[in-house]
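To be precise, the following lines are coords-v7.cif, and they hold mmCIF, C-alpha atoms and all ligand atoms.
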```cif
data_structure
loop_
_atom_site.label_atom_id
_atom_site.label_comp_id
_atom_site.auth_asym_id
_atom_site.auth_seq_id
_atom_site.Cartn_x
_atom_site.Cartn_y
_atom_site.Cartn_z
CA MET A 1 0.33 17.05 -18.03
CA PRO A 2 0.69 20.56 -16.62
CA CYS A 3 -1.78 21.50 -13.92
CA SER A 4 -3.31 24.92 -14.44
CA PRO A 5 -7.11 24.54 -14.11
CA GLY A 6 -8.89 24.89 -10.82
CA ALA A 7 -9.50 21.97 -8.53
CA LEU A 8 -13.07 21.45 -9.67
CA ALA A 9 -12.21 21.39 -13.35
CA LEU A 10 -9.31 19.06 -12.66
CA ALA A 11 -11.51 16.82 -10.55
CA THR A 12 -14.01 16.67 -13.42
CA LEU A 13 -11.26 15.74 -15.84
CA LEU A 14 -9.95 13.07 -13.53
CA ALA A 15 -13.45 11.77 -12.95
CA VAL A 16 -13.79 11.13 -16.67
CA ARG A 17 -10.50 9.29 -16.77
CA ALA A 18 -10.62 7.48 -13.44
CA PRO A 19 -11.23 3.73 -13.72
CA PRO A 20 -13.94 2.09 -11.61
CA ALA A 21 -11.36 -0.24 -10.05
CA LEU A 22 -9.76 2.73 -8.28
CA ALA A 23 -12.96 4.52 -7.35
CA ALA A 24 -12.07 4.55 -3.66
CA PRO A 25 -8.63 5.43 -2.37
CA ASP A 26 -8.47 2.90 0.43
CA ALA A 27 -5.54 0.56 0.51
CA ALA A 28 -7.64 -2.56 -0.04
CA ALA A 29 -9.05 -1.17 -3.28
CA LEU A 30 -5.57 -0.24 -4.44
CA ALA A 31 -4.28 -3.74 -3.67
CA ALA A 32 -7.24 -5.26 -5.48
CA ALA A 33 -6.27 -3.34 -8.61
CA VAL A 34 -3.06 -5.38 -8.95
CA ASP A 35 -3.35 -7.20 -12.26
CA GLU A 36 -1.78 -10.62 -12.84
CA GLU A 37 -1.73 -10.17 -16.59
CA GLU A 38 0.17 -6.89 -16.24
CA LEU A 39 2.74 -8.74 -14.16
CA ARG A 40 2.95 -11.54 -16.71
CA MET A 41 3.49 -9.19 -19.63
CA THR A 42 6.25 -7.36 -17.81
CA VAL A 43 8.05 -10.59 -16.93
CA GLU A 44 7.67 -11.79 -20.52
CA GLU A 45 9.15 -8.53 -21.78
CA LEU A 46 12.04 -8.68 -19.32
CA THR A 47 12.88 -12.25 -20.35
CA GLY A 48 12.74 -11.98 -24.13
CA VAL A 49 9.44 -13.78 -24.64
CA LEU A 50 8.06 -10.49 -25.93
CA PRO A 51 10.25 -7.86 -27.66
CA VAL A 52 10.79 -4.44 -26.14
CA ASP A 53 12.06 -1.07 -27.25
CA GLY A 54 15.66 -1.00 -26.07
CA ALA A 55 18.24 1.77 -26.02
CA VAL A 56 18.76 1.67 -29.79
CA GLY A 57 15.70 -0.17 -31.06
CA GLU A 58 13.70 -3.31 -30.62
CA VAL A 59 15.34 -6.17 -28.77
CA ARG A 60 14.56 -9.33 -26.86
CA LEU A 61 16.02 -9.25 -23.36
CA LEU A 62 17.31 -12.83 -23.35
CA SER A 63 19.98 -11.79 -20.87
CA ARG A 64 20.29 -8.93 -18.42
CA ASP A 65 23.72 -9.89 -17.11
CA VAL A 66 25.82 -6.75 -16.65
CA HIS A 67 28.45 -8.11 -19.08
CA ASP A 68 25.84 -8.43 -21.84
CA PRO A 69 25.04 -5.28 -23.86
CA ARG A 70 21.35 -6.02 -23.45
CA VAL A 71 21.53 -4.86 -19.83
CA ALA A 72 21.43 -1.30 -21.24
CA ASP A 73 18.28 -2.19 -23.13
CA ALA A 74 16.82 -3.59 -19.93
CA ALA A 75 17.54 -0.27 -18.18
CA GLU A 76 15.90 1.60 -21.03
CA TYR A 77 12.89 -0.68 -20.86
CA VAL A 78 12.40 -0.18 -17.11
CA ARG A 79 12.89 3.57 -17.49
CA GLY A 80 10.32 3.62 -20.29
CA ARG A 81 7.75 1.73 -18.24
CA PHE A 82 8.01 4.20 -15.37
CA ARG A 83 7.94 7.17 -17.74
CA ASP A 84 4.88 5.81 -19.52
CA LEU A 85 3.17 5.83 -16.13
CA GLY A 86 3.92 9.52 -15.76
CA LEU A 87 6.55 9.22 -13.06
CA ASP A 88 9.72 11.23 -12.66
CA VAL A 89 12.58 8.89 -13.53
CA SER A 90 16.27 9.37 -12.91
CA SER A 91 19.37 7.32 -13.43
CA HIS A 92 21.91 6.60 -10.71
CA GLY A 93 25.21 5.65 -12.30
CA PHE A 94 27.92 3.41 -10.89
CA SER A 95 30.65 0.99 -11.93
CA CYS A 96 30.79 -2.75 -11.31
CA GLN A 97 32.95 -5.60 -12.56
CA GLY A 98 35.14 -3.05 -14.34
CA ILE A 99 32.13 -1.89 -16.32
CA ASP A 100 31.42 1.84 -16.22
CA GLY A 101 28.08 3.40 -17.00
CA LEU A 102 25.86 0.90 -15.25
CA GLU A 103 22.76 2.42 -13.77
CA ASN A 104 20.09 2.04 -11.16
CA VAL A 105 16.73 3.24 -12.45
CA VAL A 106 14.92 5.41 -9.91
CA ALA A 107 11.27 6.47 -10.13
CA GLU A 108 9.15 8.29 -7.61
CA VAL A 109 5.41 8.40 -7.04
CA PRO A 110 5.11 11.82 -5.41
CA GLY A 111 3.25 12.55 -2.21
CA ALA A 112 1.09 15.56 -1.50
CA GLY A 113 3.13 16.55 1.53
CA GLU A 114 6.55 16.27 3.02
CA GLY A 115 7.92 13.14 4.57
CA PRO A 116 10.64 10.64 3.86
CA PRO A 117 9.84 8.20 1.07
CA ILE A 118 9.36 4.50 1.45
CA LEU A 119 11.77 2.80 -0.93
CA LEU A 120 10.76 -0.41 -2.71
CA SER A 121 13.39 -2.15 -4.82
CA ALA A 122 14.12 -5.08 -7.09
CA HIS A 123 17.08 -5.76 -9.37
CA TYR A 124 16.81 -5.90 -13.13
CA ASP A 125 20.15 -7.57 -13.81
CA SER A 126 20.32 -11.36 -14.03
CA ILE A 127 22.84 -14.19 -14.08
CA GLY A 128 23.06 -17.81 -15.24
CA SER A 129 26.26 -18.88 -13.53
CA LEU A 130 24.84 -22.11 -12.04
CA THR A 131 23.88 -23.51 -15.44
CA GLU A 132 25.13 -27.05 -15.87
CA GLY A 133 27.79 -27.41 -18.51
CA GLY A 134 29.06 -23.86 -18.17
CA TRP A 135 27.75 -20.43 -18.96
CA ASP A 136 29.33 -17.39 -20.67
CA PRO A 137 28.05 -14.06 -19.30
CA LEU A 138 28.94 -12.30 -22.55
CA VAL A 139 26.70 -14.32 -24.81
CA ASP A 140 24.58 -16.91 -23.03
CA PRO A 141 20.98 -16.38 -21.93
CA ALA A 142 20.16 -15.31 -18.41
CA PRO A 143 16.37 -14.91 -18.42
CA GLY A 144 16.10 -14.40 -14.66
CA ALA A 145 12.31 -14.61 -14.74
CA ASP A 146 11.96 -15.27 -11.04
CA ASP A 147 15.29 -13.65 -10.11
CA ASP A 148 14.42 -10.88 -10.40
CA ALA A 149 12.17 -9.97 -13.31
CA SER A 150 9.39 -10.86 -10.87
CA GLY A 151 10.52 -8.09 -8.52
CA VAL A 152 10.82 -5.53 -11.31
CA ALA A 153 7.32 -6.44 -12.51
CA LEU A 154 6.14 -5.85 -8.94
CA LEU A 155 7.71 -2.37 -8.95
CA VAL A 156 6.11 -1.41 -12.27
CA GLU A 157 2.73 -2.68 -11.12
CA VAL A 158 3.03 -0.76 -7.83
CA ALA A 159 3.77 2.32 -9.93
CA ARG A 160 0.68 1.72 -12.06
CA VAL A 161 -1.62 1.06 -9.11
CA LEU A 162 -0.34 3.88 -6.90
CA GLY A 163 0.23 6.32 -9.78
CA ASP A 164 -2.80 8.42 -8.96
CA ALA A 165 -3.45 7.35 -5.41
CA PRO A 166 -3.64 10.33 -3.02
CA LEU A 167 -0.41 9.58 -1.18
CA ALA A 168 0.76 11.85 1.60
CA ALA A 169 4.46 10.92 1.33
CA PRO A 170 6.34 9.72 -1.74
CA VAL A 171 6.96 6.12 -2.75
CA ARG A 172 10.35 5.60 -4.40
CA LEU A 173 10.82 2.64 -6.72
CA VAL A 174 14.39 1.62 -7.51
CA ALA A 175 15.41 -1.06 -10.00
CA PHE A 176 19.00 -1.86 -9.07
CA SER A 177 21.65 -3.29 -11.34
CA CYS A 178 24.66 -5.51 -10.63
CA GLU A 179 22.97 -7.11 -7.66
CA GLU A 180 24.29 -10.44 -8.88
CA TYR A 181 27.92 -9.35 -8.52
CA GLY A 182 28.11 -8.24 -4.91
CA LEU A 183 25.07 -5.95 -4.56
CA ALA A 184 27.08 -3.25 -6.33
CA GLY A 185 24.21 -1.06 -7.48
CA SER A 186 22.43 -0.93 -4.15
CA THR A 187 25.71 -0.47 -2.28
CA ALA A 188 26.53 2.61 -4.36
CA TYR A 189 22.99 3.96 -4.03
CA ALA A 190 22.75 3.44 -0.27
CA ALA A 191 26.13 5.11 0.22
CA ASP A 192 25.03 8.16 -1.78
CA LEU A 193 21.70 8.31 0.05
CA ALA A 194 23.38 8.18 3.45
CA GLY A 195 26.01 10.66 2.28
CA ARG A 196 23.27 13.16 1.54
CA GLY A 197 21.69 12.50 4.92
CA GLU A 198 18.43 11.37 3.33
CA ASP A 199 15.96 9.55 5.50
CA LEU A 200 13.65 6.71 4.47
CA ALA A 201 10.38 5.61 6.00
CA GLY A 202 11.54 2.07 5.28
CA MET A 203 13.06 -0.05 2.54
CA VAL A 204 12.05 -3.41 1.06
CA SER A 205 14.00 -5.44 -1.48
CA PHE A 206 11.64 -7.77 -3.37
CA ASP A 207 13.97 -10.45 -4.69
CA PRO A 208 12.77 -12.87 -6.02
CA VAL A 209 9.01 -13.00 -5.61
CA GLY A 210 7.68 -15.30 -8.33
CA TYR A 211 8.40 -18.91 -7.32
CA ASN A 212 5.73 -20.57 -5.21
CA ALA A 213 7.41 -23.50 -3.47
CA TRP A 214 4.14 -24.35 -1.71
CA ASP A 215 2.11 -24.74 -4.87
CA ALA A 216 1.65 -28.50 -4.58
CA SER A 217 1.62 -28.75 -0.79
CA GLY A 218 -1.94 -27.61 -0.23
CA GLU A 219 -0.73 -25.21 2.46
CA ALA A 220 -1.16 -21.47 2.30
CA PRO A 221 1.92 -20.26 0.42
CA TRP A 222 4.37 -18.35 2.55
CA LEU A 223 5.18 -14.76 1.73
CA TRP A 224 8.54 -14.47 3.36
CA ALA A 225 10.51 -11.49 4.68
CA SER A 226 13.69 -11.34 6.70
CA HIS A 227 14.77 -8.49 8.93
CA ASP A 228 17.42 -7.38 11.40
CA ASP A 229 16.86 -5.76 14.80
CA ARG A 230 16.39 -2.27 13.41
CA SER A 231 13.85 -3.42 10.82
CA ALA A 232 11.84 -5.79 13.06
CA GLU A 233 8.97 -3.32 13.38
CA LEU A 234 8.87 -2.73 9.62
CA ALA A 235 8.75 -6.48 8.92
CA ALA A 236 6.03 -6.97 11.53
CA ARG A 237 3.94 -4.22 9.98
CA TRP A 238 4.39 -5.72 6.50
CA ALA A 239 3.30 -9.14 7.79
CA GLU A 240 0.33 -7.65 9.66
CA LEU A 241 -0.91 -5.78 6.59
CA ALA A 242 -0.41 -8.78 4.30
CA ALA A 243 -2.18 -11.15 6.69
CA ALA A 244 -5.18 -8.83 6.90
CA GLY A 245 -5.35 -7.92 3.22
CA ILE A 246 -4.27 -11.00 1.24
CA PRO A 247 -6.44 -14.04 1.97
CA GLY A 248 -5.00 -17.46 1.24
CA TYR A 249 -1.37 -16.58 1.90
CA ALA A 250 0.78 -16.85 4.99
CA PRO A 251 3.08 -13.88 5.48
CA VAL A 252 6.07 -14.75 7.65
CA ALA A 253 8.56 -12.27 9.09
CA VAL A 254 11.78 -13.95 10.19
CA HIS A 255 14.72 -12.46 12.05
CA GLU A 256 17.74 -13.06 9.87
CA ASP A 257 19.69 -14.52 12.81
CA LEU A 258 17.33 -17.50 12.67
CA ILE A 259 18.39 -18.25 9.10
CA GLY A 260 22.08 -17.68 9.56
CA GLY A 261 22.03 -14.07 8.40
CA ASP A 262 20.73 -12.58 5.19
CA ALA A 263 23.13 -10.44 3.20
CA ARG A 264 21.85 -11.88 -0.05
CA SER A 265 19.91 -8.98 -1.51
CA ASP A 266 19.80 -5.22 -1.94
CA HIS A 267 18.32 -4.55 1.49
CA HIS A 268 21.66 -5.38 3.08
CA PRO A 269 23.64 -2.24 2.10
CA PHE A 270 20.76 -0.18 3.49
CA GLN A 271 20.86 -2.06 6.77
CA GLU A 272 24.60 -1.42 6.92
CA ARG A 273 23.93 2.31 6.55
CA GLY A 274 21.45 2.28 9.42
CA TYR A 275 18.18 2.16 7.50
CA ALA A 276 15.26 -0.07 8.41
CA ALA A 277 15.35 -2.45 5.47
CA ILE A 278 13.84 -5.88 4.92
CA HIS A 279 14.11 -8.62 2.30
CA GLY A 280 10.84 -9.88 0.85
CA GLY A 281 11.15 -12.97 -1.25
CA GLY A 282 10.02 -16.45 -2.09
CA PHE A 283 11.83 -19.13 -0.15
CA PRO A 284 13.19 -21.67 -0.86
CA GLN A 285 14.69 -20.85 -4.24
CA PRO A 286 13.53 -22.72 -7.35
CA PRO A 287 15.75 -25.40 -8.90
CA ALA A 288 16.25 -23.01 -11.82
CA TYR A 289 17.96 -20.44 -9.55
CA HIS A 290 20.76 -18.65 -11.44
CA THR A 291 20.47 -20.90 -14.49
CA THR A 292 19.24 -20.48 -18.03
CA SER A 293 16.12 -22.37 -16.93
CA ASP A 294 14.81 -19.48 -14.83
CA THR A 295 12.15 -18.79 -17.44
CA VAL A 296 8.57 -17.50 -17.30
CA ASP A 297 7.12 -20.92 -16.47
CA VAL A 298 8.94 -20.79 -13.09
CA VAL A 299 6.77 -17.84 -12.05
CA ASP A 300 3.39 -18.31 -10.36
CA PHE A 301 1.65 -15.07 -11.23
CA ALA A 302 -1.01 -15.39 -8.53
CA TYR A 303 1.83 -15.67 -6.02
CA LEU A 304 3.61 -12.69 -7.57
CA ALA A 305 0.35 -10.75 -7.43
CA ALA A 306 0.07 -11.55 -3.71
CA PHE A 307 3.57 -10.19 -3.08
CA THR A 308 2.71 -7.14 -5.17
CA ARG A 309 -0.41 -6.55 -3.09
CA SER A 310 1.72 -6.74 0.04
CA ALA A 311 3.94 -4.03 -1.44
CA VAL A 312 0.94 -1.83 -2.26
CA LEU A 313 -0.50 -2.26 1.23
CA LEU A 314 2.81 -1.42 2.92
CA ALA A 315 3.51 1.54 0.66
CA ALA A 316 0.01 2.98 1.18
CA ASP A 317 0.33 2.44 4.93
CA LEU A 318 3.77 4.02 5.34
CA ALA A 319 3.24 6.82 2.85
CA GLY A 320 -0.28 7.45 4.10
CA LEU A 321 -3.31 8.19 1.99
CA VAL A 322 -4.69 11.71 1.97
CA GLU A 323 -7.70 11.65 4.24
CA PRO A 324 -11.04 13.10 3.19
CA ALA A 325 -12.18 16.31 4.84
CA ALA A 326 -13.98 15.60 8.11
CA ASP A 327 -17.37 16.81 6.83
CA GLU A 328 -17.04 14.57 3.80
CA ALA A 329 -16.03 11.39 5.62
CA PRO A 330 -18.48 8.59 4.89
CA ASP A 331 -20.28 6.85 7.71
CA GLU A 332 -20.19 3.36 6.18
CA ALA A 333 -18.50 0.59 8.11
CA PRO A 334 -14.89 -0.19 7.21
CA GLY A 335 -14.48 -2.34 4.12
CA ALA A 336 -14.12 -6.08 4.35
CA GLY A 337 -10.57 -6.02 2.96
CA CYS A 338 -7.62 -4.55 4.76
CA ALA A 339 -8.86 -2.69 7.83
CA CYS A 340 -5.40 -2.33 9.26
CA ARG A 341 -4.54 1.22 8.25
CA SER A 342 -4.37 3.53 11.22
CA GLY A 343 -5.74 7.01 11.44
CA PRO A 344 -9.19 8.53 10.91
CA GLY A 345 -11.16 6.83 8.18
CA ALA A 346 -8.93 3.78 8.12
CA GLY A 347 -10.37 1.02 5.98
CA ALA A 348 -13.45 3.04 5.04
CA PRO A 349 -14.03 3.90 1.39
CA PRO A 350 -14.39 7.68 1.16
CA GLY A 351 -17.15 9.16 -0.95
CA LEU A 352 -16.68 10.21 -4.54
CA PHE A 353 -16.30 13.89 -3.74
CA SER A 354 -13.58 13.19 -1.21
CA TRP A 355 -11.81 10.90 -3.62
CA LEU A 356 -11.85 13.55 -6.32
CA ALA A 357 -10.74 16.21 -3.85
CA GLY A 358 -7.88 13.97 -2.79
CA LEU A 359 -6.93 13.36 -6.39
CA ALA A 360 -7.05 17.05 -7.14
CA ALA A 361 -4.84 17.82 -4.14
CA VAL A 362 -2.29 15.28 -5.18
CA ALA A 363 -2.41 16.28 -8.83
CA ALA A 364 -1.97 19.90 -7.82
CA ALA A 365 1.08 18.91 -5.81
CA SER A 366 2.62 16.79 -8.53
CA GLY A 367 1.31 18.59 -11.56
CA ARG A 368 2.10 15.78 -13.97
CA ARG A 369 0.61 12.50 -12.90
CA ARG A 370 -1.88 10.56 -14.88
CA TRP A 371 -3.97 7.52 -14.58
CA ALA A 372 -2.63 4.44 -16.33
CA ALA A 373 -5.13 1.90 -17.55
CA PRO A 374 -4.12 -1.74 -17.66
CA ARG A 375 -2.70 -2.69 -20.99
CA VAL A 376 -5.16 -4.21 -23.43
CA ARG A 377 -5.40 -7.98 -23.25
CA PRO A 378 -8.24 -9.51 -25.23
CA GLY A 379 -7.66 -12.85 -23.47
CA PRO A 380 -9.24 -13.90 -20.16
CA PRO A 381 -10.28 -11.04 -17.88
CA ALA A 382 -8.09 -10.03 -14.97
CA GLY A 383 -8.34 -12.07 -11.82
CA LEU A 384 -8.82 -15.43 -13.50
CA PRO A 385 -6.27 -18.20 -12.93
CA SER A 386 -2.87 -17.43 -14.32
CA SER A 387 -3.09 -19.86 -17.21
CA ARG A 388 -1.36 -18.56 -20.26
CA PRO A 389 -3.74 -16.81 -22.67
CA PRO A 390 -3.65 -18.06 -26.26
CA GLU A 391 -1.18 -16.45 -28.60
CA PRO A 392 -1.30 -13.98 -30.22
CA ALA A 393 -3.71 -12.57 -27.69
CA ARG A 394 -1.88 -9.58 -26.29
CA THR A 395 -1.54 -6.23 -28.00
CA ARG A 396 -0.76 -2.75 -26.78
CA PRO A 397 -3.41 -0.07 -26.67
CA PRO A 398 -3.57 1.79 -30.00
CA GLY A 399 -1.22 4.73 -29.95
CA SER A 400 0.93 3.33 -27.17
CA PRO A 401 4.61 4.02 -27.79
CA ARG A 402 5.32 0.30 -27.65
CA SER A 403 2.54 -0.68 -30.05
CA ARG A 404 4.90 -0.07 -32.96
CA ARG A 405 6.84 -3.21 -32.35
CA SER A 406 7.10 -5.82 -35.05
CA ARG A 407 7.08 -9.55 -34.55
CA TRP A 408 10.46 -10.42 -35.97
CA PRO A 409 12.74 -12.46 -33.75
CA GLY A 410 15.43 -10.91 -31.59
CA ARG A 411 18.27 -9.55 -33.61
CA THR A 412 21.88 -10.51 -33.22
CA ARG A 413 23.70 -8.16 -30.90
CA SER A 414 27.34 -7.32 -30.54
CA ARG A 415 29.03 -9.90 -28.35
CA SER A 416 31.79 -7.67 -27.08
CA PRO A 417 31.74 -6.70 -23.43
CA ARG A 418 30.34 -3.32 -22.62
CA GLY A 419 32.84 -0.66 -21.67
CA ARG A 420 30.81 2.46 -21.38
ZN ZN A 501 18.02 -11.74 -7.02
#
```
Any chance you could put this one into structure tokens?
Amino acid sequence: MPCSPGALALATLLAVRAPPALAAPDAAALAAAVDEEELRMTVEELTGVLPVDGAVGEVRLLSRDVHDPRVADAAEYVRGRFRDLGLDVSSHGFSCQGIDGLENVVAEVPGAGEGPPILLSAHYDSIGSLTEGGWDPLVDPAPGADDDASGVALLVEVARVLGDAPLAAPVRLVAFSCEEYGLAGSTAYAADLAGRGEDLAGMVSFDPVGYNAWDASGEAPWLWASHDDRSAELAARWAELAAAGIPGYAPVAVHEDLIGGDARSDHHPFQERGYAAIHGGGFPQPPAYHTTSDTVDVVDFAYLAAFTRSAVLLAADLAGLVEPAADEAPDEAPGAGCACRSGPGAGAPPGLFSWLAGLAAVAAASGRRRWAAPRVRPGPPAGLPSSRPPEPARTRPPGSPRSRRSRWPGRTRSRSPRGR
């Protein structure tokens, strides 16, 4: 949406479209807007439970292994989700396993000012190599619901929640590919980033973030992140924000030396290039890890929502939210949620005028962003326990590009290895 009207007219337009859930641009309100059902739908789409629009038509993403042609459909799906949210999306190409034309999908929520982005990542490829009885990457399923459809769903939800937040610096969201074969996508991306001399405010790989190993223990579930020396401060800040803003969970930052090192996810190539990069993920892994049994039922969506809120809090903190003008700052006490953001006005919900002014400033800077409402779900309202709503409960909003889908089962795809 091009931005030509004046700030007041734009603010009026945005006021009409702005949802009540985002009526104040403080980080706690943004985190509260994270929607479990959004996360569930994305994981279901990434695992073939629900069909998606792929590169050449509708498909069920029963595998996202890089040897399976459906990995290209998965890339197209992730790209489409970011585009539908109004973000700039680009493709970072690389080769892996002798396969050319693989891609990392890169989206950016712009900031109003300058400043290095914070980079949040997950990987959209999957694998089923630990399946008992053997597994063929060319044809067999690799749903990868926890690993790492959960992380990709987190990225898309962060994009939706932060899409119109008045950020000062950008938030970059990268869905890597070929993580499962030697971190190839992130290695290529980190090398290119360092080669260009680009700085980052910090990097977090969310992988995987859906399995709640503490579900039956009665203890507060751990939200776990590992770090090296350079990223200790980043991990501590993440844990501090999560502890203050996500009741009922126990964020834990662990130095990777205490767990025998952690080169197991896409943060590692960034650490090797000198970036502050941490690994956020559920630990221990589920029994279904890297098998065909890593399906949607492995994922605890309340747990995934908690991790997603931690990502929103960290992104808002590092990117910074545009502060209201001094004469418009409210005098209410800080909100009861996350009061950990530093700077003037931290934790306090600014007034409506300031919020609109902030929105207008950001929209003027980006010129193309738009608010994205949660997708329509006639089932239980958001925030209720993550029990599965009755089928066929979920539909897209009328007019949505993906509302055209039919209900026929996944088609048969070519079984030859990709060579593009
Ligand atoms: Zn993974």
Distance query segment 135-150 of chain A at most 8 Å, all atoms listed in the file, self and fewer than 3 positions along chain excluded, as an MDAnalysis selection string: chainID A and resid 39 42:44 46:48 61:65 67:68 122:132 153:154 207:211 289:296 298:299 304 415:417
So how far away is atom CA of Pro284 of chain A from atom CA of Pro221 of chain A, in Å?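 Here the two named atoms are 11.4 Å from each other.
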Go ahead and compute the interatomic distance for atom CA of Gly320 of chain A and atom CA of Phe206 of chain A, in Å to one decimal. 20.7 Å
Would you list the contacts of Gly54 of chain A as a PyMOL selection string, taking every protein, DNA or RNA residue within 10 Å and counting all atoms listed in the file, but skipping same-chain residues closer than 4 positions in sequence? chain A and resi 58-61+70-78+80
By how many Å are atom CA of Gly218 of chain A and atom CA of Val204 of chain A apart?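 We find that atom CA of Gly218 of chain A and atom CA of Val204 of chain A lie 28.0 Å from each other.
The set of protein, DNA and RNA residues with any counted atom at most 12 Å from (3.4, -14.9, 9.7) (only C-alpha atoms) reads Ala220, Pro221, Trp222, Leu223, Trp224, Ala225, Ser226, Ala235, Ala236, Arg237, Trp238, Ala239, Glu240, Leu241, Ala242, Ala243, Ala244, Tyr249, Ala250, Pro251, Val252, Ala253, Val254 and His255 of chain A.
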Write the selection just made, keeping C-alpha atoms, as a PDB file, in the coordinates of the input?
```
ATOM      1  CA  ALA A 220      -1.160 -21.470   2.300  1.00  0.00           C
ATOM      2  CA  PRO A 221       1.920 -20.260   0.420  1.00  0.00           C
ATOM      3  CA  TRP A 222       4.370 -18.350   2.550  1.00  0.00           C
ATOM      4  CA  LEU A 223       5.180 -14.760   1.730  1.00  0.00           C
ATOM      5  CA  TRP A 224       8.540 -14.470   3.360  1.00  0.00           C
ATOM      6  CA  ALA A 225      10.510 -11.490   4.680  1.00  0.00           C
ATOM      7  CA  SER A 226      13.690 -11.340   6.700  1.00  0.00           C
ATOM      8  CA  ALA A 235       8.750  -6.480   8.920  1.00  0.00           C
ATOM      9  CA  ALA A 236       6.030  -6.970  11.530  1.00  0.00           C
ATOM     10  CA  ARG A 237       3.940  -4.220   9.980  1.00  0.00           C
ATOM     11  CA  TRP A 238       4.390  -5.720   6.500  1.00  0.00           C
ATOM     12  CA  ALA A 239       3.300  -9.140   7.790  1.00  0.00           C
ATOM     13  CA  GLU A 240       0.330  -7.650   9.660  1.00  0.00           C
ATOM     14  CA  LEU A 241      -0.910  -5.780   6.590  1.00  0.00           C
ATOM     15  CA  ALA A 242      -0.410  -8.780   4.300  1.00  0.00           C
ATOM     16  CA  ALA A 243      -2.180 -11.150   6.690  1.00  0.00           C
ATOM     17  CA  ALA A 244      -5.180  -8.830   6.900  1.00  0.00           C
ATOM     18  CA  TYR A 249      -1.370 -16.580   1.900  1.00  0.00           C
ATOM     19  CA  ALA A 250       0.780 -16.850   4.990  1.00  0.00           C
ATOM     20  CA  PRO A 251       3.080 -13.880   5.480  1.00  0.00           C
ATOM     21  CA  VAL A 252       6.070 -14.750   7.650  1.00  0.00           C
ATOM     22  CA  ALA A 253       8.560 -12.270   9.090  1.00  0.00           C
ATOM     23  CA  VAL A 254      11.780 -13.950  10.190  1.00  0.00           C
ATOM     24  CA  HIS A 255      14.720 -12.460  12.050  1.00  0.00           C
TER      25      HIS A 255
END
```
Name the closest residue to Ala319 of chain A among the candidates A:Glu233, A:Glu38, A:Glu219, A:Glu114; distances are taken between atoms, counting only C-alpha atoms.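 Of A:Glu233, A:Glu38, A:Glu219, A:Glu114, the one nearest Ala319 of chain A, counting only C-alpha atoms, is A:Glu114.
Of the residues listed (A:Val105, A:Ala191, A:Leu30, A:Met41), A:Leu30 shows the shortest atom-to-atom separation from Ala315 of chain A; distances use all atoms listed in the file.
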